[in-house]
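One file, model27.cif, is given below (mmCIF, C-alpha atoms).
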```cif
data_final
#
loop_
_atom_site.label_atom_id
_atom_site.label_comp_id
_atom_site.auth_asym_id
_atom_site.auth_seq_id
_atom_site.Cartn_x
_atom_site.Cartn_y
_atom_site.Cartn_z
CA MET A 93 32.77 85.87 -25.34
CA LYS A 94 32.22 87.64 -28.63
CA ILE A 95 34.77 89.32 -30.86
CA ASN A 96 34.31 92.59 -32.66
CA VAL A 97 36.40 92.98 -35.83
CA ASP A 98 37.07 96.51 -37.01
CA TYR A 99 37.52 95.82 -40.73
CA ASP A 100 38.40 99.44 -41.46
CA ARG A 101 41.31 99.21 -39.09
CA CYS A 102 42.44 95.72 -40.20
CA GLU A 103 45.57 95.94 -42.33
CA GLY A 104 45.73 92.25 -43.15
CA HIS A 105 48.82 91.29 -41.14
CA GLY A 106 47.29 87.87 -40.55
CA LEU A 107 48.61 87.10 -37.07
CA CYS A 108 45.10 86.34 -35.79
CA ALA A 109 44.78 83.59 -38.39
CA GLU A 110 48.04 82.10 -37.14
CA GLN A 111 46.85 82.16 -33.52
CA ALA A 112 43.30 80.98 -34.15
CA PRO A 113 43.01 79.39 -37.59
CA HIS A 114 39.50 78.10 -36.83
CA LEU A 115 38.24 81.61 -36.22
CA PHE A 116 40.12 83.75 -38.72
CA SER A 117 41.39 83.22 -42.23
CA LEU A 118 42.87 85.30 -44.99
CA ASP A 119 41.87 84.73 -48.58
CA ASP A 120 44.28 84.73 -51.52
CA ASP A 121 44.20 88.51 -51.59
CA GLY A 122 44.96 88.64 -47.88
CA GLU A 123 41.48 89.87 -46.92
CA LEU A 124 40.38 88.80 -43.47
CA THR A 125 37.34 86.67 -42.78
CA TYR A 126 36.07 86.15 -39.25
CA HIS A 127 34.07 82.95 -39.18
CA LEU A 128 31.97 83.67 -36.10
CA GLU A 129 30.70 87.12 -37.02
CA GLY A 130 27.91 87.98 -34.57
CA GLN A 131 28.18 84.64 -32.77
CA SER A 132 29.71 83.64 -29.46
CA VAL A 133 33.13 81.97 -29.42
CA PRO A 134 32.86 78.43 -28.02
CA GLU A 135 34.49 78.12 -24.60
CA GLU A 136 37.16 75.69 -25.81
CA GLN A 137 38.33 78.27 -28.37
CA ALA A 138 38.44 81.21 -25.96
CA THR A 139 42.15 80.94 -25.17
CA LYS A 140 43.12 80.95 -28.83
CA ALA A 141 40.66 83.75 -29.50
CA ARG A 142 42.28 85.91 -26.83
CA ALA A 143 45.73 85.12 -28.21
CA ALA A 144 44.47 86.28 -31.62
CA ILE A 145 43.08 89.52 -30.15
CA GLY A 146 46.39 90.26 -28.40
CA SER A 147 48.45 89.51 -31.47
CA CYS A 148 46.79 92.14 -33.65
CA PRO A 149 49.34 94.88 -34.34
CA VAL A 150 46.72 97.45 -35.25
CA ALA A 151 44.29 96.73 -32.38
CA ALA A 152 41.51 95.84 -34.81
CA LEU A 153 40.12 93.01 -32.65
CA ARG A 154 38.22 93.58 -29.44
CA GLU A 155 36.65 91.23 -26.97
CA LEU A 156 33.02 92.04 -26.21
CA THR A 157 31.83 90.96 -22.81
CA MET B 188 73.80 68.10 -29.00
CA SER B 189 71.32 66.55 -26.59
CA SER B 190 67.74 67.67 -26.91
CA PRO B 191 66.80 70.38 -24.40
CA GLU B 192 64.56 69.78 -21.40
CA SER B 193 64.39 73.33 -20.15
CA ILE B 194 64.28 76.49 -22.23
CA VAL B 195 64.30 79.95 -20.69
CA VAL B 196 63.08 82.95 -22.66
CA VAL B 197 64.10 86.26 -21.12
CA GLY B 198 61.89 89.13 -22.23
CA GLU B 199 58.11 89.01 -22.22
CA SER B 200 58.10 90.88 -25.49
CA LEU B 201 56.69 90.25 -28.96
CA ALA B 202 59.91 88.37 -29.80
CA GLY B 203 59.87 86.48 -26.51
CA THR B 204 56.22 85.40 -26.62
CA THR B 205 56.54 84.52 -30.31
CA ALA B 206 59.53 82.30 -29.45
CA ALA B 207 57.60 80.57 -26.64
CA ARG B 208 54.64 79.95 -28.92
CA GLU B 209 56.90 78.67 -31.70
CA LEU B 210 58.68 76.25 -29.34
CA ARG B 211 55.33 74.61 -28.58
CA ALA B 212 54.24 74.75 -32.24
CA ARG B 213 57.42 72.87 -33.11
CA GLY B 214 56.61 70.14 -30.61
CA PHE B 215 58.78 71.07 -27.64
CA THR B 216 57.18 69.52 -24.54
CA GLY B 217 59.79 70.42 -21.94
CA ARG B 218 59.76 73.27 -19.50
CA ILE B 219 59.48 76.84 -20.78
CA THR B 220 60.11 79.74 -18.41
CA LEU B 221 59.31 83.23 -19.64
CA ILE B 222 60.92 86.01 -17.62
CA GLY B 223 59.49 89.49 -18.07
CA ASN B 224 59.70 92.75 -16.15
CA ASP B 225 56.51 94.58 -17.11
CA ALA B 226 53.52 94.05 -14.81
CA ASP B 227 51.31 94.46 -17.91
CA GLY B 228 52.86 91.36 -19.49
CA ALA B 229 53.36 91.35 -23.25
CA TYR B 230 51.41 93.54 -25.64
CA ALA B 231 51.67 94.75 -29.21
CA ARG B 232 53.56 98.04 -29.28
CA PRO B 233 52.52 99.46 -32.69
CA PRO B 234 49.09 100.65 -31.45
CA LEU B 235 50.70 102.53 -28.53
CA SER B 236 51.76 105.41 -30.75
CA LYS B 237 48.50 105.38 -32.74
CA GLU B 238 45.15 104.16 -31.35
CA ALA B 239 46.30 104.36 -27.73
CA LEU B 240 46.93 108.12 -27.96
CA ARG B 241 43.40 108.97 -29.07
CA PRO B 242 41.20 110.71 -26.52
CA GLY B 243 39.48 108.20 -24.25
CA ALA B 244 41.44 105.21 -25.60
CA GLY B 245 41.48 102.26 -23.22
CA ASP B 246 44.32 99.81 -22.80
CA THR B 247 45.25 97.83 -25.87
CA SER B 248 45.08 94.04 -25.80
CA THR B 249 47.60 91.81 -24.09
CA ILE B 250 49.60 89.11 -25.89
CA SER B 251 48.65 86.05 -23.91
CA VAL B 252 50.67 82.89 -23.44
CA ASP B 253 47.71 81.15 -21.78
CA GLY B 254 47.32 77.55 -22.81
CA LEU B 255 50.99 77.18 -23.77
CA ASP B 256 52.09 75.72 -20.43
CA VAL B 257 54.61 78.49 -19.89
CA GLU B 258 55.85 79.50 -16.46
CA VAL B 259 55.92 83.30 -16.23
CA ASP B 260 58.09 85.32 -13.84
CA ARG B 261 57.59 89.09 -14.12
CA SER B 262 60.24 90.14 -11.61
CA GLY B 263 62.84 90.68 -14.32
CA ALA B 264 66.20 89.05 -15.05
CA VAL B 265 69.07 90.61 -13.15
CA GLY B 266 71.99 88.40 -14.09
CA LEU B 267 73.22 85.51 -16.21
CA ASP B 268 75.85 82.84 -15.67
CA THR B 269 76.48 81.12 -19.01
CA THR B 270 78.87 78.58 -17.47
CA ALA B 271 76.45 77.33 -14.83
CA ARG B 272 73.54 78.03 -17.26
CA LEU B 273 71.53 80.03 -14.77
CA VAL B 274 69.41 83.15 -15.10
CA ARG B 275 69.02 85.14 -11.91
CA THR B 276 65.71 86.92 -11.47
CA ALA B 277 64.70 89.57 -8.97
CA ALA B 278 62.11 87.28 -7.38
CA ARG B 279 63.63 83.82 -7.55
CA ALA B 280 67.25 83.08 -7.00
CA GLU B 281 68.07 81.12 -10.16
CA VAL B 282 66.41 79.52 -13.19
CA SER B 283 68.44 76.89 -14.98
CA TYR B 284 68.32 76.31 -18.72
CA ASP B 285 69.54 74.00 -21.45
CA ARG B 286 68.81 76.66 -24.06
CA LEU B 287 68.41 80.39 -23.54
CA ILE B 288 66.60 82.88 -25.76
CA ILE B 289 67.35 86.53 -25.07
CA ALA B 290 64.50 88.84 -26.07
CA THR B 291 64.70 91.69 -23.56
CA GLY B 292 64.02 94.34 -26.19
CA ALA B 293 65.01 97.94 -25.74
CA SER B 294 64.09 100.92 -23.63
CA ALA B 295 63.44 104.48 -24.69
CA ARG B 296 66.48 106.71 -25.04
CA ARG B 297 66.16 109.77 -22.82
CA LEU B 298 67.73 113.19 -23.10
CA ALA B 299 67.06 114.52 -19.58
CA GLN B 300 69.96 115.24 -17.28
CA ARG B 301 70.25 113.21 -14.11
CA GLY B 302 67.56 114.42 -11.72
CA GLN B 303 65.74 116.48 -14.39
CA SER B 304 62.06 115.52 -14.20
CA GLY B 305 59.14 115.68 -16.58
CA GLU B 306 60.58 114.21 -19.79
CA LEU B 307 58.02 112.04 -21.57
CA VAL B 308 58.91 109.02 -23.69
CA LEU B 309 56.85 106.35 -25.44
CA ARG B 310 57.87 102.74 -25.25
CA THR B 311 55.62 100.89 -22.78
CA ARG B 312 51.87 100.72 -22.34
CA GLY B 313 52.35 102.70 -19.14
CA ASP B 314 54.15 105.41 -21.13
CA ALA B 315 51.28 105.51 -23.64
CA SER B 316 48.50 105.89 -21.08
CA HIS B 317 50.50 108.51 -19.19
CA LEU B 318 51.14 110.45 -22.40
CA ALA B 319 47.49 110.19 -23.45
CA ASP B 320 46.45 111.62 -20.06
CA ARG B 321 48.91 114.49 -20.36
CA LEU B 322 47.76 115.27 -23.91
CA ASP B 323 44.22 115.71 -22.53
CA THR B 324 45.27 118.96 -20.83
CA ALA B 325 48.17 120.15 -23.03
CA SER B 326 47.97 122.86 -25.65
CA ARG B 327 51.51 122.97 -27.04
CA VAL B 328 53.77 119.94 -27.46
CA ILE B 329 57.37 119.55 -28.60
CA VAL B 330 58.38 116.20 -30.06
CA VAL B 331 62.13 115.62 -30.14
CA GLY B 332 62.97 113.26 -32.98
CA ALA B 333 61.46 113.15 -36.47
CA GLY B 334 61.65 109.39 -37.00
CA PHE B 335 58.63 107.09 -37.23
CA LEU B 336 57.76 107.28 -33.54
CA GLY B 337 58.12 111.06 -33.43
CA MET B 338 55.94 111.47 -36.51
CA GLU B 339 53.27 109.18 -35.09
CA VAL B 340 53.20 111.08 -31.80
CA ALA B 341 53.07 114.39 -33.70
CA SER B 342 50.19 112.98 -35.78
CA ALA B 343 48.29 112.11 -32.61
CA CYS B 344 48.86 115.62 -31.25
CA ALA B 345 47.69 117.22 -34.50
CA ALA B 346 44.60 115.00 -34.58
CA ARG B 347 43.75 116.31 -31.11
CA GLY B 348 44.06 119.89 -32.39
CA LEU B 349 47.18 120.62 -30.33
CA GLU B 350 49.98 122.89 -31.46
CA VAL B 351 52.90 120.56 -32.16
CA VAL B 352 56.50 121.19 -33.13
CA VAL B 353 58.88 118.41 -34.17
CA VAL B 354 62.57 119.12 -33.61
CA ASP B 355 65.41 117.08 -35.05
CA VAL B 356 68.87 117.64 -36.49
CA GLU B 357 67.76 115.80 -39.65
CA PRO B 358 64.72 116.34 -41.86
CA PRO B 359 61.76 114.07 -41.00
CA LEU B 360 61.92 110.37 -41.97
CA THR B 361 64.55 110.96 -44.66
CA ARG B 362 67.29 108.74 -43.28
CA VAL B 363 65.15 105.59 -43.39
CA LEU B 364 62.60 106.27 -46.13
CA GLY B 365 64.65 108.37 -48.53
CA PRO B 366 63.71 111.83 -49.81
CA PHE B 367 60.88 110.87 -52.18
CA LEU B 368 58.59 109.38 -49.54
CA ALA B 369 59.87 111.51 -46.67
CA ASP B 370 59.19 114.81 -48.45
CA ARG B 371 55.61 113.81 -49.22
CA LEU B 372 54.92 112.64 -45.70
CA ALA B 373 56.47 115.79 -44.23
CA GLY B 374 54.22 117.81 -46.53
CA LEU B 375 51.19 115.86 -45.37
CA ALA B 376 52.12 116.41 -41.72
CA ALA B 377 52.72 120.12 -42.31
CA SER B 378 49.32 120.49 -43.97
CA SER B 379 47.82 118.82 -40.90
CA GLY B 380 49.38 121.47 -38.68
CA VAL B 381 52.67 119.87 -37.61
CA ARG B 382 55.60 122.33 -37.57
CA PHE B 383 59.16 121.17 -38.17
CA ILE B 384 62.31 122.80 -36.89
CA THR B 385 65.75 121.57 -37.86
CA ALA B 386 68.13 122.01 -34.95
CA SER B 387 71.69 123.05 -35.80
CA GLY B 388 73.12 120.94 -32.98
CA PRO B 389 72.22 118.20 -30.51
CA VAL B 390 68.93 118.92 -28.73
CA GLY B 391 68.86 119.31 -24.95
CA LEU B 392 65.95 119.64 -22.53
CA VAL B 393 65.29 122.83 -20.59
CA GLY B 394 63.66 123.26 -17.17
CA ASP B 395 62.88 121.03 -14.22
CA PRO B 396 60.25 119.85 -14.80
CA VAL B 397 61.08 119.93 -18.50
CA ARG B 398 59.33 122.77 -20.32
CA GLY B 399 61.32 123.21 -23.49
CA VAL B 400 64.32 122.35 -25.64
CA CYS B 401 67.54 124.03 -26.68
CA TRP B 402 70.49 123.47 -28.95
CA ASN B 403 73.85 125.17 -29.35
CA GLY B 404 73.20 126.74 -25.97
CA GLN B 405 70.30 128.86 -27.30
CA ASP B 406 67.20 128.73 -29.51
CA VAL B 407 64.92 127.78 -26.66
CA LEU B 408 61.46 126.53 -27.60
CA ARG B 409 58.86 126.25 -24.86
CA ALA B 410 55.89 123.89 -24.52
CA ASP B 411 53.60 122.25 -21.97
CA LEU B 412 54.99 118.85 -22.83
CA VAL B 413 58.21 117.58 -24.33
CA VAL B 414 58.11 114.05 -25.73
CA THR B 415 61.46 112.48 -26.56
CA CYS B 416 61.29 110.07 -29.51
CA ALA B 417 65.02 109.71 -30.03
CA GLY B 418 65.42 106.01 -30.51
CA ASP B 419 65.91 103.15 -28.12
CA ILE B 420 68.68 101.43 -26.19
CA PRO B 421 68.93 97.62 -26.06
CA CYS B 422 68.25 96.18 -22.59
CA THR B 423 71.52 94.40 -21.88
CA ASP B 424 72.40 95.50 -18.31
CA TRP B 425 71.55 92.04 -16.96
CA LEU B 426 74.11 90.49 -19.37
CA ALA B 427 77.06 92.29 -17.78
CA GLY B 428 80.14 90.09 -17.58
CA THR B 429 78.88 87.50 -20.08
CA GLY B 430 80.47 88.98 -23.20
CA LEU B 431 77.13 88.56 -24.98
CA ALA B 432 76.42 92.26 -25.43
CA ASP B 433 78.47 95.09 -26.86
CA GLY B 434 77.64 98.73 -27.53
CA THR B 435 75.30 97.75 -30.38
CA GLY B 436 73.34 95.00 -28.63
CA VAL B 437 73.50 91.20 -28.60
CA GLY B 438 75.18 90.04 -31.80
CA ILE B 439 73.57 87.12 -33.62
CA ASP B 440 74.19 85.15 -36.78
CA ASP B 441 71.62 84.22 -39.43
CA ARG B 442 70.25 81.48 -37.12
CA CYS B 443 69.81 83.91 -34.19
CA ALA B 444 72.73 82.18 -32.42
CA THR B 445 74.95 84.33 -30.20
CA THR B 446 78.67 83.74 -29.65
CA VAL B 447 77.84 81.59 -26.60
CA PRO B 448 76.73 78.01 -27.29
CA ASP B 449 73.01 77.31 -26.69
CA VAL B 450 72.25 81.00 -26.24
CA PHE B 451 70.10 82.69 -28.87
CA ALA B 452 68.71 86.20 -29.21
CA ALA B 453 65.81 87.80 -31.06
CA GLY B 454 64.11 91.14 -31.57
CA ASP B 455 65.07 94.69 -30.61
CA VAL B 456 67.88 93.65 -28.24
CA SER B 457 69.75 91.86 -31.03
CA TYR B 458 71.65 92.79 -34.14
CA LEU B 459 72.85 90.70 -37.04
CA ARG B 460 76.64 90.64 -36.87
CA SER B 461 76.76 90.53 -40.68
CA LEU B 462 74.84 93.84 -40.75
CA GLY B 463 76.50 95.55 -37.78
CA ARG B 464 73.41 97.45 -36.62
CA ARG B 465 70.05 96.70 -35.05
CA THR B 466 66.87 96.60 -37.13
CA PRO B 467 64.27 97.01 -34.37
CA TYR B 468 61.11 96.51 -36.40
CA TRP B 469 57.96 94.69 -35.41
CA SER B 470 58.23 92.19 -38.28
CA ASN B 471 61.84 91.31 -37.36
CA ALA B 472 60.82 90.60 -33.77
CA ILE B 473 58.37 87.99 -35.08
CA ALA B 474 60.73 86.50 -37.67
CA GLN B 475 63.58 86.27 -35.16
CA GLY B 476 61.40 84.98 -32.31
CA LYS B 477 60.35 82.09 -34.55
CA LEU B 478 63.85 81.47 -35.86
CA ALA B 479 65.45 81.56 -32.39
CA ALA B 480 62.94 78.94 -31.25
CA ALA B 481 63.71 76.71 -34.24
CA SER B 482 67.45 77.07 -33.70
CA ALA B 483 67.15 76.38 -29.96
CA LEU B 484 65.55 73.06 -30.90
CA GLY B 485 68.23 72.31 -33.47
CA GLN B 486 65.73 72.70 -36.30
CA ALA B 487 65.91 74.79 -39.47
CA GLY B 488 63.93 78.02 -39.59
CA ASP B 489 63.20 80.90 -41.93
CA CYS B 490 65.12 84.09 -42.61
CA ALA B 491 66.26 86.27 -39.68
CA THR B 492 64.94 89.45 -41.26
CA ASP B 493 61.65 90.41 -42.80
CA ASP B 494 61.85 93.49 -45.01
CA TYR B 495 58.49 94.86 -43.94
CA PHE B 496 57.30 97.69 -41.77
CA TRP B 497 54.51 100.18 -41.64
CA THR B 498 53.81 103.52 -40.12
CA GLU B 499 51.01 106.03 -40.09
CA VAL B 500 51.39 109.75 -40.67
CA CYS B 501 48.37 111.93 -40.00
CA GLY B 502 45.92 109.15 -40.76
CA VAL B 503 47.70 107.87 -43.88
CA PRO B 504 49.10 104.35 -43.48
CA ILE B 505 52.37 103.58 -45.26
CA LYS B 506 53.42 99.97 -45.75
CA VAL B 507 56.89 99.18 -47.06
CA MET B 508 57.90 95.75 -48.30
CA GLY B 509 61.46 95.25 -49.55
CA PRO B 510 64.88 96.80 -49.07
CA LEU B 511 65.15 100.43 -47.95
CA GLY B 512 67.45 103.15 -49.19
CA LEU B 513 64.93 104.58 -51.66
CA GLU B 514 66.94 107.55 -52.86
CA ALA B 515 65.39 108.05 -56.29
CA ALA B 516 61.79 108.44 -57.42
CA PRO B 517 59.85 105.19 -57.81
CA ASP B 518 60.01 103.30 -61.09
CA SER B 519 56.27 103.06 -61.21
CA VAL B 520 53.36 104.82 -59.56
CA ASP B 521 49.93 103.25 -59.69
CA GLY B 522 47.22 105.56 -58.38
CA SER B 523 47.38 109.01 -56.91
CA LEU B 524 50.08 110.34 -54.59
CA GLU B 525 48.12 113.55 -54.03
CA GLY B 526 45.08 111.52 -53.07
CA TYR B 527 47.15 109.30 -50.76
CA ASP B 528 46.04 106.21 -52.60
CA ALA B 529 48.95 104.77 -54.55
CA LEU B 530 51.11 101.73 -55.01
CA LEU B 531 54.76 102.60 -55.63
CA THR B 532 57.42 100.24 -56.94
CA TRP B 533 61.17 100.54 -56.98
CA GLU B 534 63.25 98.07 -59.02
CA ARG B 535 66.86 98.06 -57.88
CA SER B 536 69.78 95.69 -57.75
CA ALA B 537 69.05 95.18 -54.02
CA GLY B 538 65.61 93.89 -55.02
CA ARG B 539 62.11 95.15 -55.53
CA THR B 540 60.48 97.42 -52.98
CA VAL B 541 56.73 97.94 -52.98
CA VAL B 542 55.11 100.70 -50.96
CA ALA B 543 51.40 101.03 -50.29
CA PHE B 544 51.09 104.79 -49.89
CA GLY B 545 47.79 105.32 -48.13
CA ARG B 546 46.30 102.46 -50.14
CA LYS B 547 44.68 99.76 -48.06
CA LEU B 548 46.30 96.53 -49.12
CA PRO B 549 46.62 93.27 -47.17
CA VAL B 550 50.20 92.58 -46.17
CA GLY B 551 50.17 89.14 -47.82
CA ARG B 552 49.38 90.70 -51.17
CA LEU B 553 52.10 93.30 -50.78
CA ARG B 554 54.54 90.51 -49.98
CA THR B 555 53.58 88.58 -53.11
CA MET B 556 54.05 91.73 -55.20
CA ALA B 557 57.50 92.39 -53.74
CA GLN B 558 58.58 88.80 -54.34
CA GLY B 559 57.14 88.57 -57.84
CA GLU B 560 59.19 88.58 -61.01
CA SER B 561 60.48 91.96 -62.02
CA VAL B 562 58.50 93.36 -64.95
CA SER B 563 60.89 96.08 -66.00
CA GLY B 564 63.89 93.74 -65.87
#
```
I'd like the structure from this file rewritten - as structure tokens, please.
Amino acid sequence: MKINVDYDRCEGHGLCAEQAPHLFSLDDDGELTYHLEGQSVPEEQATKARAAIGSCPVAALRELT
Amino acid sequence: MSSPESIVVVGESLAGTTAARELRARGFTGRITLIGNDADGAYARPPLSKEALRPGAGDTSTISVDGLDVEVDRSGAVGLDTTARLVRTAARAEVSYDRLIIATGASARRLAQRGQSGELVLRTRGDASHLADRLDTASRVIVVGAGFLGMEVASACAARGLEVVVVDVEPPLTRVLGPFLADRLAGLAASSGVRFITASGPVGLVGDPVRGVCWNGQDVLRADLVVTCAGDIPCTDWLAGTGLADGTGVGIDDRCATTVPDVFAAGDVSYLRSLGRRTPYWSNAIAQGKLAAASALGQAGDCATDDYFWTEVCGVPIKVMGPLGLEAAPDSVDGSLEGYDALLTWERSAGRTVVAFGRKLPVGRLRTMAQGESVSG
């Protein structure tokens, strides 16, 4: 799976970073970084990745199949 | 207090799934049963009144509890025996618990008479996709209720180029946001084509199927669709006879504990007894879901309320961090209100409130600003 992050839509709530800290992080200003931009999510991280996608309150994360 | 072996969470909601996740995060290895009643499972509700109403929007993402070793029953809870410590579900006879977390949320308040068809509401994902479909062919829409939900639905209608009228007995958003912010947001909505009508009495629905609204027995407005956005009602029917729920909801203390030992509650179904009213906001569902989980394990948790919420009016996001009741003008304005790019600060005895008015600002930074030392003293 791959994840598409809509940075324009992201409001920096940070729930994705709580669900999947290896994939998402917020910097000191609360700006989101997605660590696998353009890459595939390793299979063992897929469950956490989907939890992160579902947790987003502004629907800024999307799973690409 | 012996440590629990079985914890039941009733309500596959944001509060309920957050509680289940937090139980595991805090090291609970016993049995967790999550009882929901929506075939769609759990999902984030905020996008339902925004992204999900755009033309051609697909379903929003599901909040998954995969990988948490949680047993899920989506038949719904129908009864509770707090003496025998059993939850009855529609599918299975009984689920026993050592600790219970109630997170059944709320359902949309409706105005239709018994048997009157065609009233639209917006609470579930099913409601959102149904409403989006109906908006595809509508030309004139009445929204009953000028709170956050009503304004978001009206915004979606205006963005689709539909004629939209918002009816309420109070001016839009004023009760929660105060006149300074509310007036500006109402102005923004009006300039985007949203009409407001203040009803002089309680609003009723007209027609079967519903095709309009009335108040004081007259003043009928007609439309293709009527969407009721008149608040929500806590889902407590299944608690009948337990004494856990009253007319307000399920009362909790500052640890999310109810009046019944080993029973906790979180989210929209609950209210803080010290406050006397519900505060059904997204951020509280998360804070209380986490706290209820901590308390169920006999551990200390964080605060039961989180003074944060956001809304979106006609494309302008508004984030509010800090206590509400903003009657006066802000103490400081950084940026441009007219350009919908400003940071507003109120300094009051209740604390500091910071509002990002159309300005894109990460929530963490807003939180830091609201918690920072007061500059004006």
Could you build a table of the residues in chain B lying no more than 8 Å from chain A, giving for each the nearest pair of atoms and their separation in Å rounded to one decimal place, using all atoms listed in the file, ordered by chain and ascending residue number, as a tab-separated table?
```
residue	atom	partner	partner_atom	distance
B:Tyr230	CA	A:Gly146	CA	6.6
B:Ala231	CA	A:Pro149	CA	5.6
B:Arg232	CA	A:Pro149	CA	7.3
B:Pro233	CA	A:Pro149	CA	5.8
B:Pro234	CA	A:Val150	CA	5.5
B:Glu238	CA	A:Ala151	CA	7.6
B:Thr247	CA	A:Ala151	CA	6.7
B:Ser248	CA	A:Gly146	CA	4.8
B:Thr249	CA	A:Gly146	CA	4.7
B:Ile250	CA	A:Gly146	CA	4.2
B:Ser251	CA	A:Ala143	CA	5.3
B:Val252	CA	A:Ala143	CA	7.2
B:Asp253	CA	A:Thr139	CA	6.5
B:Gly254	CA	A:Thr139	CA	6.6
B:Lys547	CA	A:Glu103	CA	6.9
B:Leu548	CA	A:Glu103	CA	6.9
B:Pro549	CA	A:Gly104	CA	4.2
B:Val550	CA	A:His105	CA	5.4
B:Gly551	CA	A:Gly122	CA	5.2
B:Arg552	CA	A:Asp121	CA	5.6
```
Polymer residues at most 8 Å from region 212-228 of chain B, all atoms listed in the file, same-chain spacing of 4 or more positions, as an MDAnalysis selection string: chainID B and resid 191:200 203:204 207:208 249:250 256:264 276 291 312 481 484
Two-atom distance - CA of Val133 (chain A), CA of Lys94 (chain A) (Å): 5.8 Å
Residues within 6 Å of (39.0, 82.9, -42.1), file coords, all atoms listed in the file, listed as a list in words: Phe116, Ser117, Leu118, Thr125, Tyr126 and His127 of chain A
Picked residues, the PyMOL selection byres ((chain B and resi 396) around 6), expected as a ChimeraX atom specification: /B:304-305,394-395,397
Contact residues around Leu322 (chain B) with only C-alpha atoms at 10 Å, ignoring same-chain residues under 2 positions, as JSON, numbers by chain: {"B": [240, 241, 242, 316, 317, 318, 319, 320, 324, 325, 326, 327, 328, 343, 344, 347, 349, 411, 412]}
For CA of Leu210 (chain B) and CA of Thr429 (chain B), the interatomic separation in Å (one decimal):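 According to the coordinates, CA of Leu210 (chain B) and CA of Thr429 (chain B) are separated by 24.9 Å.
Picture a line from CA of Ile505 (chain B) to CA of Arg546 (chain B); it runs 7.9 Å.
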Residues returned when the PyMOL selection byres ((chain B and resi 385) around 10) runs on this file, as a PyMOL selection string: chain B and resi 333+353-359+383-384+386-388
Hey, what's within 12 Å of Leu478 (chain B) if we count all atoms listed in the file and toss same-chain stuff fewer than 4 positions away? As a tab-separated table (two decimals) with C-alpha atoms, in the frame of the given file, please?
```tsv
chain	number	residue	atom	x	y	z
B	202	ALA	CA	59.91	88.37	-29.80
B	203	GLY	CA	59.87	86.48	-26.51
B	205	THR	CA	56.54	84.52	-30.31
B	206	ALA	CA	59.53	82.30	-29.45
B	207	ALA	CA	57.60	80.57	-26.64
B	208	ARG	CA	54.64	79.95	-28.92
B	209	GLU	CA	56.90	78.67	-31.70
B	210	LEU	CA	58.68	76.25	-29.34
B	213	ARG	CA	57.42	72.87	-33.11
B	288	ILE	CA	66.60	82.88	-25.76
B	439	ILE	CA	73.57	87.12	-33.62
B	440	ASP	CA	74.19	85.15	-36.78
B	441	ASP	CA	71.62	84.22	-39.43
B	442	ARG	CA	70.25	81.48	-37.12
B	443	CYS	CA	69.81	83.91	-34.19
B	444	ALA	CA	72.73	82.18	-32.42
B	451	PHE	CA	70.10	82.69	-28.87
B	452	ALA	CA	68.71	86.20	-29.21
B	453	ALA	CA	65.81	87.80	-31.06
B	454	GLY	CA	64.11	91.14	-31.57
B	471	ASN	CA	61.84	91.31	-37.36
B	472	ALA	CA	60.82	90.60	-33.77
B	473	ILE	CA	58.37	87.99	-35.08
B	474	ALA	CA	60.73	86.50	-37.67
B	482	SER	CA	67.45	77.07	-33.70
B	483	ALA	CA	67.15	76.38	-29.96
B	484	LEU	CA	65.55	73.06	-30.90
B	485	GLY	CA	68.23	72.31	-33.47
B	486	GLN	CA	65.73	72.70	-36.30
B	487	ALA	CA	65.91	74.79	-39.47
B	488	GLY	CA	63.93	78.02	-39.59
B	489	ASP	CA	63.20	80.90	-41.93
B	490	CYS	CA	65.12	84.09	-42.61
B	491	ALA	CA	66.26	86.27	-39.68
B	492	THR	CA	64.94	89.45	-41.26
B	493	ASP	CA	61.65	90.41	-42.80
```
